[in-house]
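To be precise, the following lines are model20.cif, and they hold mmCIF, C-alpha atoms.
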data_work
#
loop_
_atom_site.label_atom_id
_atom_site.label_comp_id
_atom_site.auth_asym_id
_atom_site.auth_seq_id
_atom_site.Cartn_x
_atom_site.Cartn_y
_atom_site.Cartn_z
CA MET S 1406 122.12 303.10 244.38
CA SER S 1407 123.13 299.43 244.43
CA ARG S 1408 123.56 297.36 241.28
CA ASN S 1409 120.72 294.85 241.26
CA VAL S 1410 118.65 293.14 238.56
CA PHE S 1411 115.46 294.52 240.19
CA ASN S 1412 116.72 298.09 239.94
CA PRO S 1413 115.09 299.57 236.79
CA VAL S 1414 118.17 301.70 236.14
CA GLU S 1415 120.37 298.57 236.17
CA GLN S 1416 117.92 296.77 233.88
CA ASN S 1417 118.15 299.54 231.30
CA LEU S 1418 121.91 299.06 231.13
CA ASP S 1419 122.05 295.26 231.10
CA ILE S 1420 120.00 292.88 228.95
CA SER S 1421 120.83 289.89 231.21
CA SER S 1422 119.09 291.74 234.07
CA LYS S 1423 116.04 292.27 231.86
CA ILE S 1424 115.97 288.55 231.06
CA VAL S 1425 116.11 287.59 234.75
CA VAL S 1426 113.24 289.96 235.55
CA GLY S 1427 111.35 288.61 232.53
CA LEU S 1428 111.72 285.06 233.84
CA GLN S 1429 110.41 286.24 237.21
CA ARG S 1430 107.32 287.73 235.52
CA ILE S 1431 106.65 284.46 233.69
CA SER S 1432 107.02 282.59 237.00
CA GLU S 1433 104.45 284.94 238.53
CA ALA S 1434 102.07 284.32 235.62
CA PHE S 1435 102.37 280.58 236.21
CA LYS S 1436 101.50 281.07 239.89
CA VAL S 1437 98.49 283.21 238.98
CA LEU S 1438 97.17 280.54 236.60
CA LEU S 1439 97.64 277.85 239.25
CA TRP S 1440 95.91 279.90 241.96
CA GLU S 1441 92.96 280.68 239.69
CA LYS S 1442 92.43 276.97 239.09
CA ALA S 1443 93.03 276.18 242.78
CA LYS S 1444 90.30 278.59 243.91
CA LEU S 1445 87.82 277.07 241.46
CA ILE S 1446 88.19 273.50 242.73
CA GLY S 1447 89.17 273.97 246.37
CA LEU S 1448 92.72 272.62 246.17
CA SER S 1449 96.06 274.30 246.78
CA PRO S 1450 98.55 274.88 243.94
CA ILE S 1451 100.91 272.17 245.23
CA GLN S 1452 98.01 269.71 245.46
CA ILE S 1453 97.11 270.43 241.83
CA GLN S 1454 100.74 269.99 240.77
CA LEU S 1455 100.95 266.67 242.61
CA LEU S 1456 97.80 265.30 240.99
CA ILE S 1457 99.02 266.25 237.52
CA PHE S 1458 102.50 264.86 238.12
CA ILE S 1459 101.19 261.54 239.45
CA SER S 1460 98.83 261.26 236.49
CA TYR S 1461 101.58 261.50 233.88
CA HIS S 1462 104.64 259.89 235.49
CA LYS S 1463 105.64 256.35 236.32
CA ALA S 1464 104.82 255.01 239.77
CA ALA S 1465 108.46 254.84 240.90
CA LEU S 1466 108.62 258.66 240.86
CA CYS S 1467 105.44 259.08 242.90
CA ASN S 1468 106.71 258.85 246.46
CA VAL S 1469 107.19 261.54 249.09
CA SER S 1470 110.99 261.69 248.81
CA HIS S 1471 111.04 262.10 245.06
CA LEU S 1472 108.13 264.53 244.95
CA ALA S 1473 109.86 266.76 247.51
CA LYS S 1474 112.89 266.97 245.18
CA GLU S 1475 110.71 267.39 242.11
CA PHE S 1476 108.91 270.44 243.49
CA ASN S 1477 111.81 271.78 245.57
CA VAL S 1478 109.88 271.62 248.86
CA THR S 1479 110.28 269.69 252.11
CA LYS S 1480 109.03 266.16 252.70
CA PRO S 1481 106.56 267.38 255.38
CA THR S 1482 105.05 269.77 252.81
CA ILE S 1483 104.45 266.87 250.42
CA SER S 1484 103.18 264.62 253.21
CA ASP S 1485 100.66 267.28 254.30
CA ALA S 1486 99.45 267.76 250.71
CA VAL S 1487 99.09 264.00 250.24
CA LYS S 1488 97.09 263.72 253.50
CA VAL S 1489 94.58 266.26 252.19
CA LEU S 1490 94.35 264.57 248.78
CA ASN S 1491 93.91 261.21 250.48
CA LYS S 1492 91.18 262.61 252.74
CA LYS S 1493 89.40 263.98 249.64
CA LYS S 1494 89.71 260.47 248.11
CA LEU S 1495 91.72 261.78 245.15
CA VAL S 1496 94.76 259.58 245.85
CA PHE S 1497 95.56 256.46 247.80
CA LYS S 1498 98.75 255.12 249.33
CA ASP S 1499 100.12 251.97 247.73
CA ARG S 1500 102.47 250.19 250.14
CA CYS S 1501 103.55 247.56 247.58
CA THR S 1502 107.21 248.60 247.82
CA PRO S 1503 110.32 246.75 249.08
CA ASP S 1504 110.59 249.27 251.95
CA SER S 1505 107.60 248.81 254.25
CA ARG S 1506 108.10 252.33 255.62
CA SER S 1507 107.51 254.01 252.26
CA TYR S 1508 104.62 254.03 249.84
CA LEU S 1509 103.72 255.08 246.33
CA ILE S 1510 101.01 257.66 245.73
CA ARG S 1511 98.44 256.71 243.12
CA LEU S 1512 95.38 258.45 241.71
CA SER S 1513 91.97 257.11 242.63
CA GLU S 1514 89.26 256.96 239.99
CA LEU S 1515 87.92 260.27 241.33
CA GLY S 1516 91.45 261.70 241.18
CA LYS S 1517 91.71 260.77 237.49
CA ILE S 1518 88.46 262.61 236.79
CA VAL S 1519 89.67 265.69 238.67
CA VAL S 1520 92.94 265.75 236.69
CA LEU S 1521 90.92 265.99 233.46
CA ASN S 1522 89.47 269.24 234.82
CA ILE S 1523 92.67 270.82 236.12
CA ASP S 1524 95.51 269.97 233.75
CA ASP S 1525 94.46 272.76 231.39
CA PHE S 1526 95.48 275.53 233.82
CA SER S 1527 98.46 276.52 231.64
CA ASP S 1528 96.54 276.59 228.34
CA SER S 1529 96.55 280.39 228.02
CA LEU S 1530 100.34 280.44 228.41
CA HIS S 1531 100.68 277.57 225.94
CA THR S 1532 98.58 279.46 223.38
CA ILE S 1533 100.84 282.51 223.62
CA VAL S 1534 103.96 280.38 223.05
CA LYS S 1535 102.29 278.36 220.28
CA ASP S 1536 101.51 281.58 218.41
CA MET S 1537 105.21 282.48 218.24
CA PRO S 1538 106.97 281.70 214.93
CA GLU S 1539 108.56 278.24 215.01
CA TYR S 1540 112.12 279.58 214.75
CA GLU S 1541 111.50 281.81 217.80
CA GLN S 1542 110.10 278.85 219.74
CA GLU S 1543 113.17 276.75 218.90
CA SER S 1544 115.59 279.52 219.89
CA PHE S 1545 113.69 280.22 223.11
CA TYR S 1546 113.56 276.51 223.97
CA LYS S 1547 117.29 276.08 223.40
CA THR S 1548 117.99 278.94 225.81
CA LEU S 1549 115.49 277.67 228.41
CA SER S 1550 116.84 274.11 228.37
CA THR S 1551 120.38 275.44 228.88
CA ILE S 1552 119.30 277.63 231.82
CA ILE S 1553 117.42 274.73 233.44
CA TYR S 1554 120.44 272.45 233.02
CA LYS S 1555 122.74 275.01 234.68
CA LEU S 1556 120.29 275.59 237.53
CA ASN S 1557 120.31 271.84 238.12
CA LYS S 1558 124.12 271.72 238.06
CA ASN S 1559 124.19 274.53 240.64
CA ASP S 1560 121.79 272.55 242.89
CA ILE S 1561 119.04 275.16 242.57
CA LEU S 1562 116.67 272.81 240.73
CA ARG S 1563 117.33 269.46 242.36
CA GLU S 1564 115.43 266.96 240.24
CA GLN S 1565 115.63 267.04 236.46
CA ARG S 1566 115.09 264.40 233.80
CA THR S 1567 116.68 266.30 230.94
CA CYS S 1568 118.84 264.83 228.18
CA PHE S 1569 121.84 266.81 229.37
CA THR S 1570 122.07 264.86 232.64
CA CYS S 1571 121.08 261.45 231.25
CA LYS S 1572 123.52 258.56 230.91
CA PHE S 1573 122.28 257.95 227.35
CA TYR S 1574 123.20 261.45 226.20
CA SER S 1575 126.41 262.35 224.41
CA LYS S 1576 127.63 265.35 222.46
CA ASN S 1577 130.23 265.68 219.73
CA ASP S 1578 131.08 269.28 218.93
CA SER S 1579 127.60 270.81 218.61
CA THR S 1580 125.79 267.53 217.82
CA HIS S 1581 123.48 266.04 220.46
CA TYR S 1582 122.99 262.27 220.44
CA CYS S 1583 120.76 259.81 222.31
CA ASN S 1584 122.43 256.42 222.69
CA LEU S 1585 119.16 254.80 223.79
CA LEU S 1586 117.21 255.92 220.72
CA ASN S 1587 120.37 255.70 218.58
CA LYS S 1588 119.66 259.00 216.92
CA GLN S 1589 120.96 262.53 216.60
CA LEU S 1590 118.86 265.09 218.44
CA TYR S 1591 118.09 268.59 217.22
CA SER S 1592 118.04 271.28 219.91
CA SER S 1593 114.23 271.24 219.74
CA GLU S 1594 114.26 267.48 220.50
CA ILE S 1595 116.18 267.83 223.78
CA ARG S 1596 113.77 266.65 226.46
CA LEU S 1597 113.12 268.36 229.78
CA ASP S 1598 111.11 265.48 231.20
CA CYS S 1599 112.04 262.15 229.65
CA SER S 1600 110.31 258.94 230.75
CA GLU S 1601 113.40 256.91 229.73
CA PHE S 1602 115.78 259.13 231.71
CA GLU S 1603 118.53 257.45 233.74
CA ASN S 1604 120.95 259.47 235.84
CA GLU S 1605 124.42 259.91 234.36
CA ASN S 1606 126.09 259.09 237.71
#

What does this structure look like when you write it as structure tokens?
Amino acid sequence: MSRNVFNPVEQNLDISSKIVVGLQRISEAFKVLLWEKAKLIGLSPIQIQLLIFISYHKAALCNVSHLAKEFNVTKPTISDAVKVLNKKKLVFKDRCTPDSRSYLIRLSELGKIVVLNIDDFSDSLHTIVKDMPEYEQESFYKTLSTIIYKLNKNDILREQRTCFTCKFYSKNDSTHYCNLLNKQLYSSEIRLDCSEFENEN
């Protein structure tokens, strides 16, 4: 029998395999929560994710090219989702950009109301994490942020706004430091989605 993380025999012999399968289960739970919300309001999971992202991020990130990278899908997939949202009058295209061929995607007033009813889809997962002891949350977060950083470095997750890849971030020995905020960062303060992020390159 082949050695594979999805082989239960292999999992019993290797904790790293158990962790990978555990991450897959959490990913499946996230999909389930998204689909449950999607069925309730007549939108697809990607459409829900787009509405929430646009609601909480600066306009410069809300274009087709960036959103495709953000959600690791193709530009046509984003364009199709935006067409549906536009048809439902939840978003509109703002062509006030230097490039006349591109546009920013903004929420309409109706879109803002809809976001208030959909951005709670992950609440049950958040409650489970929140109930963990603080030291377990901090340890778990440190591990997660490291995995996400390495996935980004391996071009598996293309778009990340984490401290580790920001030009303002530096590290001396085991000390994290933000040169924009001029402060030392604890592991729990490392951001996964920073609004002040600027690429290190």

Could you give me, as CSV, a per-residue list for stretch 1479-1575 of chain S showing, wherever an atom lies at most 6 Å from an atom of stretch 1593-1606 of chain S, the closest pair of atoms and their distance in Å to one decimal, using only C-alpha atoms and sorting by chain then residue number from low to high?
residue,atom,partner,partner_atom,distance
S:Glu1543,CA,S:Ser1593,CA,5.7
S:Arg1566,CA,S:Asp1598,CA,4.9
S:Thr1567,CA,S:Leu1597,CA,4.3
S:Cys1568,CA,S:Arg1596,CA,5.7
S:Thr1570,CA,S:Glu1605,CA,5.7
S:Cys1571,CA,S:Glu1605,CA,4.8
S:Lys1572,CA,S:Glu1605,CA,3.8

Q: Name all residues at most 9 Å from S:Leu1455 (count only C-alpha atoms; drop same-chain ones fewer than 4 positions away) and give them as number ranges by chain.
A: S: 1450-1451, 1459-1460, 1467, 1472, 1476, 1483, 1486-1487

Q) Can you list, as a list in words, every protein, DNA or RNA residue that comes within 9 Å of S:Lys1517 when you count only C-alpha atoms, leaving out same-chain residues fewer than 2 positions away? A)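 Listed by chain and then number, they are Leu1456, Ser1460, Leu1495, Val1496, Leu1512, Ser1513, Glu1514, Leu1515, Val1519, Val1520 and Leu1521 of chain S.
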
**Q.** Spatial neighbours of S:Leu1590, 12 Å, only C-alpha atoms, chain gap at least 5 places, as a list in words
**A.**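 Contacts, with the query itself left out: Cys1568, Phe1569, Phe1573, Tyr1574, Ser1575, Lys1576, Asn1577, Ser1579, Thr1580, His1581, Tyr1582, Cys1583, Asn1584, Leu1585, Ile1595 and Arg1596 of chain S.
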
Q.
One number please: atom CA of S:Ala1473 to atom CA of S:Ser1529, in Å, one decimal.
A.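 So the answer is 27.3 Å.
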
Q. Between atom CA of S:Val1426 and atom CA of S:Lys1555, what is the distance, to one decimal in Å?
A.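 These two atoms are separated by 17.7 Å.
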
Q: Tell me which protein, DNA and RNA residues are within 7 Å of S:Lys1480, counting all atoms listed in the file, leaving out same-chain ones fewer than 4 positions away, and put them as a list of chain:residue names.
A: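 Contacts, in chain order: S:Val1469, S:Ser1470, S:Ala1473, S:Ser1484.
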
Extending 8 Å beyond the listed atoms of stretch 1446-1456 of chain S on each side, what axis-aligned box results? I want centre and edge lengths in Å to one decimal, as AutoDock Vina command-line options.
--center_x 94.6 --center_y 270.1 --center_z 243.8 --size_x 28.8 --size_y 25.6 --size_z 22.0

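For the pair atom CA of S:Trp1440 and atom CA of S:Ser1544, the interatomic distance is 29.6 Å.
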
Q: Counting all atoms listed in the file, figure out which residue out of S:Lys1442, S:Phe1411, S:Tyr1508, S:Asn1468 gets nearest to S:Arg1430.
A: S:Phe1411

Q. Out of S:Ser1432, S:Asn1491, S:Asn1587, S:Thr1551, which residue has the shortest atom-to-atom distance to S:Gln1452 when counting all atoms listed in the file?
A. S:Asn1491

Q: Would you mind telling me which residue in S:Lys1492, S:Leu1509, S:Leu1439, S:Ile1553 lies nearest to S:Ile1457 when using all atoms listed in the file?
A: S:Leu1439

Q: Point out the residue among S:Lys1474, S:Arg1563, S:Lys1547, S:Lys1558 with the least atom-to-atom distance to S:Tyr1591, counting only C-alpha atoms.
A: S:Lys1547

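When all atoms listed in the file are used to compute distances to S:Gly1447, the closest of the residues S:Arg1500, S:Lys1493, S:His1471, S:Lys1463 turns out to be S:Lys1493.
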
(Q) Nearest residue to S:Lys1494 out of S:Met1537, S:Ile1518, S:Val1478, S:Leu1556, using all atoms listed in the file? (A) S:Ile1518

Please complete stretch 1552-1579 of chain S so it has N, CA and C atoms, and hand it over as an mmCIF file, keeping the file's coordinate frame.
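As a result, part-v9.cif now contains:
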data_model
loop_
_atom_site.group_PDB
_atom_site.id
_atom_site.type_symbol
_atom_site.label_atom_id
_atom_site.label_comp_id
_atom_site.auth_asym_id
_atom_site.auth_seq_id
_atom_site.Cartn_x
_atom_site.Cartn_y
_atom_site.Cartn_z
ATOM 1 N N ILE S 1552 119.433 277.003 230.492
ATOM 2 C CA ILE S 1552 119.300 277.630 231.820
ATOM 3 C C ILE S 1552 118.881 276.593 232.858
ATOM 4 N N ILE S 1553 117.908 275.759 232.512
ATOM 5 C CA ILE S 1553 117.420 274.730 233.440
ATOM 6 C C ILE S 1553 118.540 273.751 233.788
ATOM 7 N N TYR S 1554 119.317 273.351 232.792
ATOM 8 C CA TYR S 1554 120.440 272.450 233.020
ATOM 9 C C TYR S 1554 121.444 273.075 234.003
ATOM 10 N N LYS S 1555 121.762 274.350 233.809
ATOM 11 C CA LYS S 1555 122.740 275.010 234.680
ATOM 12 C C LYS S 1555 122.198 275.231 236.088
ATOM 13 N N LEU S 1556 120.901 275.479 236.203
ATOM 14 C CA LEU S 1556 120.290 275.590 237.530
ATOM 15 C C LEU S 1556 120.377 274.262 238.273
ATOM 16 N N ASN S 1557 120.190 273.171 237.534
ATOM 17 C CA ASN S 1557 120.310 271.840 238.120
ATOM 18 C C ASN S 1557 121.749 271.571 238.566
ATOM 19 N N LYS S 1558 122.718 271.933 237.729
ATOM 20 C CA LYS S 1558 124.120 271.720 238.060
ATOM 21 C C LYS S 1558 124.559 272.544 239.261
ATOM 22 N N ASN S 1559 123.888 273.676 239.483
ATOM 23 C CA ASN S 1559 124.190 274.530 240.640
ATOM 24 C C ASN S 1559 123.319 274.191 241.854
ATOM 25 N N ASP S 1560 122.621 273.037 241.784
ATOM 26 C CA ASP S 1560 121.790 272.550 242.890
ATOM 27 C C ASP S 1560 120.663 273.512 243.276
ATOM 28 N N ILE S 1561 120.181 274.280 242.315
ATOM 29 C CA ILE S 1561 119.040 275.160 242.570
ATOM 30 C C ILE S 1561 117.753 274.424 242.209
ATOM 31 N N LEU S 1562 117.749 273.745 241.079
ATOM 32 C CA LEU S 1562 116.670 272.810 240.730
ATOM 33 C C LEU S 1562 117.227 271.413 240.949
ATOM 34 N N ARG S 1563 116.705 270.715 241.939
ATOM 35 C CA ARG S 1563 117.330 269.460 242.360
ATOM 36 C C ARG S 1563 117.047 268.277 241.456
ATOM 37 N N GLU S 1564 115.830 268.175 240.980
ATOM 38 C CA GLU S 1564 115.430 266.960 240.240
ATOM 39 C C GLU S 1564 115.100 267.314 238.807
ATOM 40 N N GLN S 1565 115.877 266.784 237.877
ATOM 41 C CA GLN S 1565 115.630 267.040 236.460
ATOM 42 C C GLN S 1565 115.813 265.749 235.680
ATOM 43 N N ARG S 1566 114.977 265.561 234.674
ATOM 44 C CA ARG S 1566 115.090 264.400 233.800
ATOM 45 C C ARG S 1566 115.340 264.878 232.362
ATOM 46 N N THR S 1567 116.348 265.729 232.234
ATOM 47 C CA THR S 1567 116.680 266.300 230.940
ATOM 48 C C THR S 1567 117.786 265.499 230.269
ATOM 49 N N CYS S 1568 117.816 265.556 228.958
ATOM 50 C CA CYS S 1568 118.840 264.830 228.180
ATOM 51 C C CYS S 1568 120.246 265.138 228.688
ATOM 52 N N PHE S 1569 120.488 266.387 229.021
ATOM 53 C CA PHE S 1569 121.840 266.810 229.370
ATOM 54 C C PHE S 1569 122.428 266.076 230.572
ATOM 55 N N THR S 1570 121.572 265.562 231.448
ATOM 56 C CA THR S 1570 122.070 264.860 232.640
ATOM 57 C C THR S 1570 121.779 263.361 232.591
ATOM 58 N N CYS S 1571 121.432 262.866 231.412
ATOM 59 C CA CYS S 1571 121.080 261.450 231.250
ATOM 60 C C CYS S 1571 122.292 260.645 230.800
ATOM 61 N N LYS S 1572 122.383 259.403 231.267
ATOM 62 C CA LYS S 1572 123.520 258.560 230.910
ATOM 63 C C LYS S 1572 123.516 258.175 229.424
ATOM 64 N N PHE S 1573 122.365 258.309 228.771
ATOM 65 C CA PHE S 1573 122.280 257.950 227.350
ATOM 66 C C PHE S 1573 122.672 259.105 226.420
ATOM 67 N N TYR S 1574 122.913 260.270 227.013
ATOM 68 C CA TYR S 1574 123.200 261.450 226.200
ATOM 69 C C TYR S 1574 124.692 261.611 225.945
ATOM 70 N N SER S 1575 125.020 262.009 224.728
ATOM 71 C CA SER S 1575 126.410 262.350 224.410
ATOM 72 C C SER S 1575 126.403 263.514 223.427
ATOM 73 N N LYS S 1576 127.540 264.190 223.343
ATOM 74 C CA LYS S 1576 127.630 265.350 222.460
ATOM 75 C C LYS S 1576 128.992 265.383 221.796
ATOM 76 N N ASN S 1577 128.994 265.512 220.495
ATOM 77 C CA ASN S 1577 130.230 265.680 219.730
ATOM 78 C C ASN S 1577 130.169 267.030 219.053
ATOM 79 N N ASP S 1578 131.114 267.895 219.414
ATOM 80 C CA ASP S 1578 131.080 269.280 218.930
ATOM 81 C C ASP S 1578 129.728 269.877 219.300
ATOM 82 N N SER S 1579 128.914 270.217 218.311
ATOM 83 C CA SER S 1579 127.600 270.810 218.610
ATOM 84 C C SER S 1579 126.459 269.823 218.345
#
